[in-house]
file query_32.cif (mmCIF, C-alpha atoms)
data_input
loop_
_atom_site.group_PDB
_atom_site.id
_atom_site.type_symbol
_atom_site.label_atom_id
_atom_site.label_comp_id
_atom_site.auth_asym_id
_atom_site.auth_seq_id
_atom_site.Cartn_x
_atom_site.Cartn_y
_atom_site.Cartn_z
ATOM 1 C CA MET A 1 -1.392 -34.185 25.272
ATOM 2 C CA LYS A 2 -3.888 -33.836 28.102
ATOM 3 C CA ALA A 3 -5.374 -30.437 28.809
ATOM 4 C CA LYS A 4 -4.399 -29.111 32.196
ATOM 5 C CA THR A 5 -7.388 -28.598 34.459
ATOM 6 C CA THR A 6 -7.705 -26.091 37.259
ATOM 7 C CA PRO A 7 -7.999 -27.738 40.664
ATOM 8 C CA MET A 8 -11.501 -27.580 42.129
ATOM 9 C CA ASN A 9 -12.213 -26.358 45.627
ATOM 10 C CA ASP A 10 -14.191 -28.541 48.039
ATOM 11 C CA ALA A 11 -17.571 -27.050 47.083
ATOM 12 C CA GLU A 12 -16.819 -27.637 43.398
ATOM 13 C CA LEU A 13 -15.734 -31.224 44.106
ATOM 14 C CA LEU A 14 -19.016 -31.944 45.896
ATOM 15 C CA ALA A 15 -21.002 -30.226 43.139
ATOM 16 C CA ALA A 16 -19.207 -32.330 40.508
ATOM 17 C CA MET A 17 -20.160 -35.514 42.372
ATOM 18 C CA ARG A 18 -23.771 -34.370 42.660
ATOM 19 C CA GLN A 19 -23.951 -33.490 38.952
ATOM 20 C CA GLY A 20 -22.706 -36.829 37.650
ATOM 21 C CA ARG A 21 -19.125 -35.683 37.128
ATOM 22 C CA ALA A 22 -17.652 -37.807 39.903
ATOM 23 C CA GLU A 23 -14.736 -38.896 37.726
ATOM 24 C CA GLN A 24 -13.444 -35.305 37.630
ATOM 25 C CA ALA A 25 -13.715 -35.041 41.406
ATOM 26 C CA PHE A 26 -12.123 -38.449 41.953
ATOM 27 C CA THR A 27 -9.201 -37.532 39.685
ATOM 28 C CA GLN A 28 -8.397 -34.656 41.999
ATOM 29 C CA LEU A 29 -9.022 -36.649 45.178
ATOM 30 C CA TYR A 30 -6.653 -39.363 43.949
ATOM 31 C CA ARG A 31 -3.844 -36.957 44.817
ATOM 32 C CA GLN A 32 -4.470 -38.100 48.401
ATOM 33 C CA LEU A 33 -3.721 -41.758 47.623
ATOM 34 C CA PRO A 34 0.009 -41.530 48.508
ATOM 35 C CA ASP A 35 -0.889 -40.290 52.007
ATOM 36 C CA VAL A 36 -3.310 -43.184 52.450
ATOM 37 C CA MET A 37 -0.696 -45.627 51.134
ATOM 38 C CA THR A 38 1.723 -44.342 53.767
ATOM 39 C CA LEU A 39 -0.909 -44.639 56.496
ATOM 40 C CA VAL A 40 -1.829 -48.214 55.634
ATOM 41 C CA ARG A 41 1.717 -49.434 54.981
ATOM 42 C CA THR A 42 2.971 -47.835 58.210
ATOM 43 C CA HIS A 43 0.317 -49.752 60.110
ATOM 44 C CA GLY A 44 0.837 -53.224 58.692
ATOM 45 C CA GLY A 45 -1.032 -53.112 55.384
ATOM 46 C CA SER A 46 -0.163 -53.619 51.749
ATOM 47 C CA ARG A 47 -0.399 -51.327 48.727
ATOM 48 C CA ALA A 48 -3.369 -53.359 47.459
ATOM 49 C CA GLU A 49 -5.168 -52.961 50.796
ATOM 50 C CA ALA A 50 -4.499 -49.214 50.685
ATOM 51 C CA ARG A 51 -5.969 -48.967 47.172
ATOM 52 C CA ASP A 52 -9.066 -50.956 48.188
ATOM 53 C CA LEU A 53 -9.504 -48.840 51.297
ATOM 54 C CA PHE A 54 -9.156 -45.648 49.256
ATOM 55 C CA GLN A 55 -11.800 -46.885 46.808
ATOM 56 C CA ASP A 56 -14.155 -47.640 49.724
ATOM 57 C CA ALA A 57 -13.590 -44.130 51.088
ATOM 58 C CA LEU A 58 -14.350 -42.573 47.688
ATOM 59 C CA VAL A 59 -17.598 -44.548 47.535
ATOM 60 C CA ILE A 60 -18.525 -43.283 51.008
ATOM 61 C CA ILE A 61 -17.789 -39.664 50.058
ATOM 62 C CA HIS A 62 -19.703 -40.033 46.804
ATOM 63 C CA GLU A 63 -22.719 -41.473 48.657
ATOM 64 C CA LYS A 64 -22.604 -38.679 51.236
ATOM 65 C CA ALA A 65 -22.234 -36.030 48.520
ATOM 66 C CA GLN A 66 -25.581 -37.089 47.070
ATOM 67 C CA ASP A 67 -27.251 -35.780 50.238
ATOM 68 C CA ALA A 68 -27.703 -32.020 49.731
ATOM 69 C CA SER A 69 -27.602 -31.491 53.508
ATOM 70 C CA PHE A 70 -24.140 -33.109 53.792
ATOM 71 C CA ARG A 71 -21.718 -30.727 55.537
ATOM 72 C CA PHE A 72 -18.289 -31.226 57.023
ATOM 73 C CA ALA A 73 -15.721 -29.112 58.820
ATOM 74 C CA GLY A 74 -12.262 -28.743 57.349
ATOM 75 C CA SER A 75 -11.106 -29.849 53.937
ATOM 76 C CA LEU A 76 -12.480 -32.659 51.809
ATOM 77 C CA ALA A 77 -8.961 -34.099 51.597
ATOM 78 C CA ALA A 78 -8.752 -34.261 55.403
ATOM 79 C CA TYR A 79 -12.241 -35.769 55.544
ATOM 80 C CA LEU A 80 -11.202 -38.419 52.996
ATOM 81 C CA TYR A 81 -8.061 -39.189 55.000
ATOM 82 C CA GLY A 82 -10.119 -39.492 58.196
ATOM 83 C CA ILE A 83 -12.482 -41.952 56.531
ATOM 84 C CA CYS A 84 -9.500 -43.988 55.352
ATOM 85 C CA ARG A 85 -7.973 -43.952 58.838
ATOM 86 C CA ASN A 86 -11.235 -45.148 60.389
ATOM 87 C CA LEU A 87 -11.743 -47.828 57.731
ATOM 88 C CA TRP A 88 -8.196 -49.091 58.239
ATOM 89 C CA LEU A 89 -8.664 -49.211 62.005
ATOM 90 C CA ALA A 90 -11.884 -51.200 61.495
ATOM 91 C CA GLU A 91 -10.001 -53.555 59.172
ATOM 92 C CA LEU A 92 -7.244 -54.054 61.759
ATOM 93 C CA ARG A 93 -9.833 -54.725 64.456
ATOM 94 C CA ALA A 94 -11.571 -57.264 62.233
ATOM 95 C CA LYS A 95 -8.266 -59.034 61.686
ATOM 96 C CA GLY A 96 -7.377 -58.868 65.368
ATOM 97 C CA ARG A 97 -4.286 -56.738 64.682
ATOM 98 C CA ALA A 98 -5.441 -53.368 65.994
ATOM 99 C CA GLY A 99 -3.690 -53.533 69.379
ATOM 100 C CA LYS A 100 -0.277 -52.131 68.529
ATOM 101 C CA HIS A 101 -1.712 -49.588 66.067
ATOM 102 C CA MET A 102 -4.511 -48.198 68.262
ATOM 103 C CA ASP A 103 -2.536 -45.361 69.846
ATOM 104 C CA ALA A 104 -1.385 -44.041 66.491
ATOM 105 C CA LEU A 105 -4.744 -44.358 64.749
ATOM 106 C CA VAL A 106 -7.156 -43.312 67.514
ATOM 107 C CA PRO A 107 -6.232 -39.985 69.095
ATOM 108 C CA GLN A 108 -7.076 -39.881 72.796
ATOM 109 C CA PRO A 109 -8.105 -36.555 74.352
ATOM 110 C CA ASP A 110 -5.415 -35.436 76.788
ATOM 111 C CA ASN A 111 -7.774 -34.233 79.519
ATOM 112 C CA ASP A 112 -10.232 -37.113 79.601
ATOM 113 C CA PRO A 113 -9.415 -40.524 81.028
ATOM 114 C CA PRO A 114 -9.839 -43.300 78.463
ATOM 115 C CA THR A 115 -13.305 -44.812 78.544
ATOM 116 C CA THR A 116 -13.343 -48.496 79.399
ATOM 117 C CA ASP A 117 -17.073 -49.158 79.629
ATOM 118 C CA TYR A 118 -18.131 -49.921 76.061
ATOM 119 C CA GLU A 119 -20.679 -52.595 76.973
ATOM 120 C CA PRO A 120 -23.866 -50.586 76.232
ATOM 121 C CA LEU A 121 -22.475 -49.461 72.859
ATOM 122 C CA THR A 122 -21.371 -52.988 72.019
ATOM 123 C CA GLN A 123 -24.838 -54.298 72.799
ATOM 124 C CA LEU A 124 -26.368 -51.636 70.543
ATOM 125 C CA ALA A 125 -23.982 -52.601 67.746
ATOM 126 C CA GLU A 126 -24.893 -56.259 68.189
ATOM 127 C CA ARG A 127 -28.603 -55.394 68.048
ATOM 128 C CA ALA A 128 -28.054 -53.312 64.897
ATOM 129 C CA PHE A 129 -26.205 -56.234 63.313
ATOM 130 C CA ALA A 130 -28.912 -58.706 64.335
ATOM 131 C CA ALA A 131 -31.556 -56.462 62.749
ATOM 132 C CA LEU A 132 -29.908 -56.816 59.326
ATOM 133 C CA GLY A 133 -31.219 -59.298 56.816
ATOM 134 C CA GLU A 134 -29.776 -62.792 56.858
ATOM 135 C CA LYS A 135 -27.739 -62.283 53.661
ATOM 136 C CA CYS A 136 -26.135 -59.100 54.974
ATOM 137 C CA ARG A 137 -25.249 -60.756 58.268
ATOM 138 C CA GLU A 138 -23.748 -63.733 56.452
ATOM 139 C CA LEU A 139 -21.778 -61.561 54.027
ATOM 140 C CA LEU A 140 -20.319 -59.376 56.796
ATOM 141 C CA THR A 141 -19.541 -62.401 58.969
ATOM 142 C CA ARG A 142 -17.752 -64.158 56.119
ATOM 143 C CA PHE A 143 -15.713 -61.069 55.275
ATOM 144 C CA TYR A 144 -14.859 -59.662 58.712
ATOM 145 C CA LEU A 145 -14.852 -62.712 60.983
ATOM 146 C CA HIS A 146 -13.753 -65.459 58.618
ATOM 147 C CA ASN A 147 -11.513 -63.243 56.430
ATOM 148 C CA GLU A 148 -13.064 -64.783 53.326
ATOM 149 C CA PRO A 149 -11.935 -63.065 50.109
ATOM 150 C CA LEU A 150 -14.521 -61.015 48.240
ATOM 151 C CA ALA A 151 -14.100 -63.218 45.159
ATOM 152 C CA ALA A 152 -15.159 -66.289 47.171
ATOM 153 C CA ILE A 153 -18.069 -64.367 48.697
ATOM 154 C CA ALA A 154 -19.175 -63.252 45.233
ATOM 155 C CA GLN A 155 -19.176 -66.835 44.042
ATOM 156 C CA ALA A 156 -21.034 -68.122 47.122
ATOM 157 C CA PHE A 157 -23.748 -65.465 46.805
ATOM 158 C CA GLY A 158 -23.996 -65.668 43.020
ATOM 159 C CA TYR A 159 -22.797 -62.090 42.438
ATOM 160 C CA ALA A 160 -21.351 -61.081 39.059
ATOM 161 C CA GLY A 161 -17.898 -60.558 40.550
ATOM 162 C CA GLU A 162 -15.714 -59.230 43.323
ATOM 163 C CA GLY A 163 -16.814 -55.633 42.658
ATOM 164 C CA ALA A 164 -20.463 -56.548 43.172
ATOM 165 C CA ALA A 165 -19.597 -58.265 46.463
ATOM 166 C CA LYS A 166 -17.632 -55.214 47.577
ATOM 167 C CA THR A 167 -20.566 -52.919 46.769
ATOM 168 C CA ARG A 168 -22.975 -55.187 48.623
ATOM 169 C CA LYS A 169 -20.623 -55.311 51.627
ATOM 170 C CA TYR A 170 -20.571 -51.515 51.685
ATOM 171 C CA LYS A 171 -24.366 -51.314 51.496
ATOM 172 C CA CYS A 172 -24.740 -53.840 54.312
ATOM 173 C CA LEU A 173 -22.316 -51.852 56.468
ATOM 174 C CA GLU A 174 -24.262 -48.680 55.761
ATOM 175 C CA GLN A 175 -27.497 -50.398 56.799
ATOM 176 C CA ALA A 176 -25.864 -51.508 60.038
ATOM 177 C CA ARG A 177 -24.512 -48.002 60.687
ATOM 178 C CA GLU A 178 -27.922 -46.431 60.041
ATOM 179 C CA ARG A 179 -29.618 -48.862 62.427
ATOM 180 C CA TYR A 180 -26.917 -48.252 65.050
ATOM 181 C CA ARG A 181 -27.296 -44.468 64.771
ATOM 182 C CA ALA A 182 -31.075 -44.765 65.012
ATOM 183 C CA MET A 183 -30.739 -46.872 68.157
ATOM 184 C CA LEU A 184 -28.281 -44.380 69.655
ATOM 185 C CA SER A 185 -30.695 -41.492 69.119
ATOM 186 C CA HIS A 186 -33.564 -43.247 70.939
#
call {"tool": "encode", "arguments": {"input": "query_32.cif", "output": "structure tokens"}}
result
Amino acid sequence: MKAKTTPMNDAELLAAMRQGRAEQAFTQLYRQLPDVMTLVRTHGGSRAEARDLFQDALVIIHEKAQDASFRFAGSLAAYLYGICRNLWLAELRAKGRAGKHMDALVPQPDNDPPTTDYEPLTQLAERAFAALGEKCRELLTRFYLHNEPLAAIAQAFGYAGEGAAKTRKYKCLEQARERYRAMLSH
């Protein structure tokens, strides 16, 4: 019989991740998986895609938790859900299926007219992508533009397996995001 554990608050969850007890934190955060499953399945995804997306979001939170200056407003569960929502929207965009799901996934401010001039931001994103190393560009292109499975990417790049390819994809995306943010701030 498993011992019942007391739920941790958000500060305790972050502390657990920082102290090498991420499994305890993840066990509690996994209570959010049904909500993410509903989100993804409602917007054209499968249970497997929802699980993968959830895993990606946990990796992102774990990485951010390692930064002692990391702060967020609201609850960690809501933050996790927001990451999942944004990752799923990015996945739909990459697959060219975002159109009918955009309104539900991207809240528009009521008072502001929707912005239609994204050209400068797109150019910055393209420059950030171009600044990545060749392997990162190729990996991201294969995954997002050619919809190549991670297993095939792992084999093509000589990675140990699908998990290694997934980790590398995440790291490449983070590099691109960091470069994009740096370009935005200049």
call {"tool": "closest_residue", "arguments": {"input": "query_32.cif", "among": "A:Phe54, A:Tyr180, A:Tyr79, A:Phe129", "to": "Met37 (chain A)", "atoms": "only C-alpha atoms"}}
result
A:Phe54
call {"tool": "atom_distance", "arguments": {"input": "query_32.cif", "atom1": "CA of Leu39 (chain A)", "atom2": "CA of Leu173 (chain A)"}}
result
22.6 Å
call {"tool": "residues_around", "arguments": {"input": "query_32.cif", "residues": "Asp67 (chain A)", "least_positions_apart": "5", "cutoff": "12 Å", "atoms": "only C-alpha atoms", "output": "list in words"}}
result
Leu14, Ala15, Met17, Arg18, Gln19, Ile60, Ile61 and His62 of chain A
call {"tool": "atom_distance", "arguments": {"input": "query_32.cif", "atom1": "CA of Ile153 (chain A)", "atom2": "CA of Arg85 (chain A)"}}
result
24.9 Å
call {"tool": "atom_distance", "arguments": {"input": "query_32.cif", "atom1": "CA of Leu145 (chain A)", "atom2": "CA of Cys172 (chain A)"}}
result
14.9 Å
call {"tool": "residues_around", "arguments": {"input": "query_32.cif", "residues": "Pro34 (chain A)", "least_positions_apart": "2", "cutoff": "12 Å", "atoms": "only C-alpha atoms", "output": "list in words"}}
result
Leu29, Tyr30, Arg31, Gln32, Val36, Met37, Thr38, Leu39, Val40, Arg41, Thr42, Arg47, Ala50, Arg51, Phe54, Tyr81 and Cys84 of chain A
call {"tool": "build_atoms", "arguments": {"input": "query_32.cif", "residues": "region 85-96 of chain A", "atoms": "all heavy atoms", "output": "mmCIF file, in the coordinates of the input"}}
result
data_model
loop_
_atom_site.group_PDB
_atom_site.id
_atom_site.type_symbol
_atom_site.label_atom_id
_atom_site.label_comp_id
_atom_site.auth_asym_id
_atom_site.auth_seq_id
_atom_site.Cartn_x
_atom_site.Cartn_y
_atom_site.Cartn_z
ATOM 1 N N ARG A 85 -8.547 -43.571 57.537
ATOM 2 C CA ARG A 85 -7.973 -43.952 58.838
ATOM 3 C C ARG A 85 -8.969 -44.812 59.623
ATOM 4 O O ARG A 85 -8.604 -45.857 60.170
ATOM 5 C CB ARG A 85 -7.580 -42.711 59.633
ATOM 6 C CG ARG A 85 -6.855 -43.041 60.943
ATOM 7 C CD ARG A 85 -6.604 -41.819 61.801
ATOM 8 N NE ARG A 85 -7.873 -41.297 62.259
ATOM 9 C CZ ARG A 85 -8.316 -40.059 62.048
ATOM 10 N NH1 ARG A 85 -7.584 -39.193 61.396
ATOM 11 N NH2 ARG A 85 -9.485 -39.674 62.498
ATOM 12 N N ASN A 86 -10.220 -44.390 59.650
ATOM 13 C CA ASN A 86 -11.235 -45.148 60.389
ATOM 14 C C ASN A 86 -11.509 -46.503 59.747
ATOM 15 O O ASN A 86 -11.688 -47.503 60.448
ATOM 16 C CB ASN A 86 -12.515 -44.332 60.507
ATOM 17 C CG ASN A 86 -12.346 -43.140 61.431
ATOM 18 O OD1 ASN A 86 -11.504 -43.148 62.320
ATOM 19 N ND2 ASN A 86 -13.127 -42.111 61.210
ATOM 20 N N LEU A 87 -11.550 -46.545 58.416
ATOM 21 C CA LEU A 87 -11.743 -47.828 57.731
ATOM 22 C C LEU A 87 -10.577 -48.776 57.999
ATOM 23 O O LEU A 87 -10.779 -49.977 58.199
ATOM 24 C CB LEU A 87 -11.913 -47.613 56.221
ATOM 25 C CG LEU A 87 -13.220 -46.996 55.753
ATOM 26 C CD1 LEU A 87 -13.165 -46.699 54.258
ATOM 27 C CD2 LEU A 87 -14.401 -47.900 56.071
ATOM 28 N N TRP A 88 -9.356 -48.237 57.995
ATOM 29 C CA TRP A 88 -8.196 -49.091 58.239
ATOM 30 C C TRP A 88 -8.203 -49.609 59.675
ATOM 31 O O TRP A 88 -7.889 -50.775 59.934
ATOM 32 C CB TRP A 88 -6.889 -48.377 57.915
ATOM 33 C CG TRP A 88 -5.726 -49.300 58.075
ATOM 34 C CD1 TRP A 88 -4.677 -49.174 58.936
ATOM 35 C CD2 TRP A 88 -5.507 -50.533 57.371
ATOM 36 N NE1 TRP A 88 -3.829 -50.247 58.812
ATOM 37 C CE2 TRP A 88 -4.311 -51.098 57.861
ATOM 38 C CE3 TRP A 88 -6.212 -51.220 56.394
ATOM 39 C CZ2 TRP A 88 -3.811 -52.303 57.392
ATOM 40 C CZ3 TRP A 88 -5.709 -52.425 55.926
ATOM 41 C CH2 TRP A 88 -4.519 -52.945 56.428
ATOM 42 N N LEU A 89 -8.572 -48.764 60.613
ATOM 43 C CA LEU A 89 -8.664 -49.211 62.005
ATOM 44 C C LEU A 89 -9.709 -50.318 62.133
ATOM 45 O O LEU A 89 -9.472 -51.324 62.801
ATOM 46 C CB LEU A 89 -9.000 -48.039 62.920
ATOM 47 C CG LEU A 89 -9.059 -48.360 64.412
ATOM 48 C CD1 LEU A 89 -7.755 -48.954 64.902
ATOM 49 C CD2 LEU A 89 -9.382 -47.098 65.194
ATOM 50 N N ALA A 90 -10.842 -50.161 61.460
ATOM 51 C CA ALA A 90 -11.884 -51.200 61.495
ATOM 52 C C ALA A 90 -11.357 -52.497 60.885
ATOM 53 O O ALA A 90 -11.639 -53.593 61.391
ATOM 54 C CB ALA A 90 -13.122 -50.730 60.747
ATOM 55 N N GLU A 91 -10.588 -52.373 59.817
ATOM 56 C CA GLU A 91 -10.001 -53.555 59.172
ATOM 57 C C GLU A 91 -9.022 -54.250 60.130
ATOM 58 O O GLU A 91 -9.028 -55.474 60.253
ATOM 59 C CB GLU A 91 -9.281 -53.123 57.888
ATOM 60 C CG GLU A 91 -8.775 -54.245 57.049
ATOM 61 C CD GLU A 91 -9.879 -54.962 56.282
ATOM 62 O OE1 GLU A 91 -10.954 -54.398 56.074
ATOM 63 O OE2 GLU A 91 -9.636 -56.120 55.908
ATOM 64 N N LEU A 92 -8.200 -53.471 60.804
ATOM 65 C CA LEU A 92 -7.244 -54.054 61.759
ATOM 66 C C LEU A 92 -7.984 -54.740 62.907
ATOM 67 O O LEU A 92 -7.590 -55.816 63.342
ATOM 68 C CB LEU A 92 -6.311 -52.976 62.304
ATOM 69 C CG LEU A 92 -5.279 -52.432 61.328
ATOM 70 C CD1 LEU A 92 -4.527 -51.255 61.946
ATOM 71 C CD2 LEU A 92 -4.308 -53.508 60.884
ATOM 72 N N ARG A 93 -9.040 -54.110 63.382
ATOM 73 C CA ARG A 93 -9.833 -54.725 64.456
ATOM 74 C C ARG A 93 -10.422 -56.051 63.988
ATOM 75 O O ARG A 93 -10.426 -57.031 64.723
ATOM 76 C CB ARG A 93 -10.955 -53.790 64.892
ATOM 77 C CG ARG A 93 -10.501 -52.666 65.772
ATOM 78 C CD ARG A 93 -11.690 -51.826 66.219
ATOM 79 N NE ARG A 93 -11.251 -50.717 67.033
ATOM 80 C CZ ARG A 93 -11.713 -49.488 66.919
ATOM 81 N NH1 ARG A 93 -12.637 -49.194 66.039
ATOM 82 N NH2 ARG A 93 -11.260 -48.534 67.700
ATOM 83 N N ALA A 94 -10.951 -56.045 62.767
ATOM 84 C CA ALA A 94 -11.571 -57.264 62.233
ATOM 85 C C ALA A 94 -10.551 -58.387 62.099
ATOM 86 O O ALA A 94 -10.888 -59.554 62.253
ATOM 87 C CB ALA A 94 -12.216 -56.978 60.879
ATOM 88 N N LYS A 95 -9.322 -58.032 61.836
ATOM 89 C CA LYS A 95 -8.266 -59.034 61.686
ATOM 90 C C LYS A 95 -7.564 -59.332 63.006
ATOM 91 O O LYS A 95 -6.640 -60.131 63.046
ATOM 92 C CB LYS A 95 -7.227 -58.556 60.664
ATOM 93 C CG LYS A 95 -7.762 -58.489 59.257
ATOM 94 C CD LYS A 95 -6.703 -57.987 58.312
ATOM 95 C CE LYS A 95 -7.219 -57.963 56.888
ATOM 96 N NZ LYS A 95 -6.200 -57.471 55.960
ATOM 97 N N GLY A 96 -7.987 -58.639 64.060
ATOM 98 C CA GLY A 96 -7.377 -58.868 65.368
ATOM 99 C C GLY A 96 -5.969 -58.310 65.490
ATOM 100 O O GLY A 96 -5.180 -58.749 66.311
#
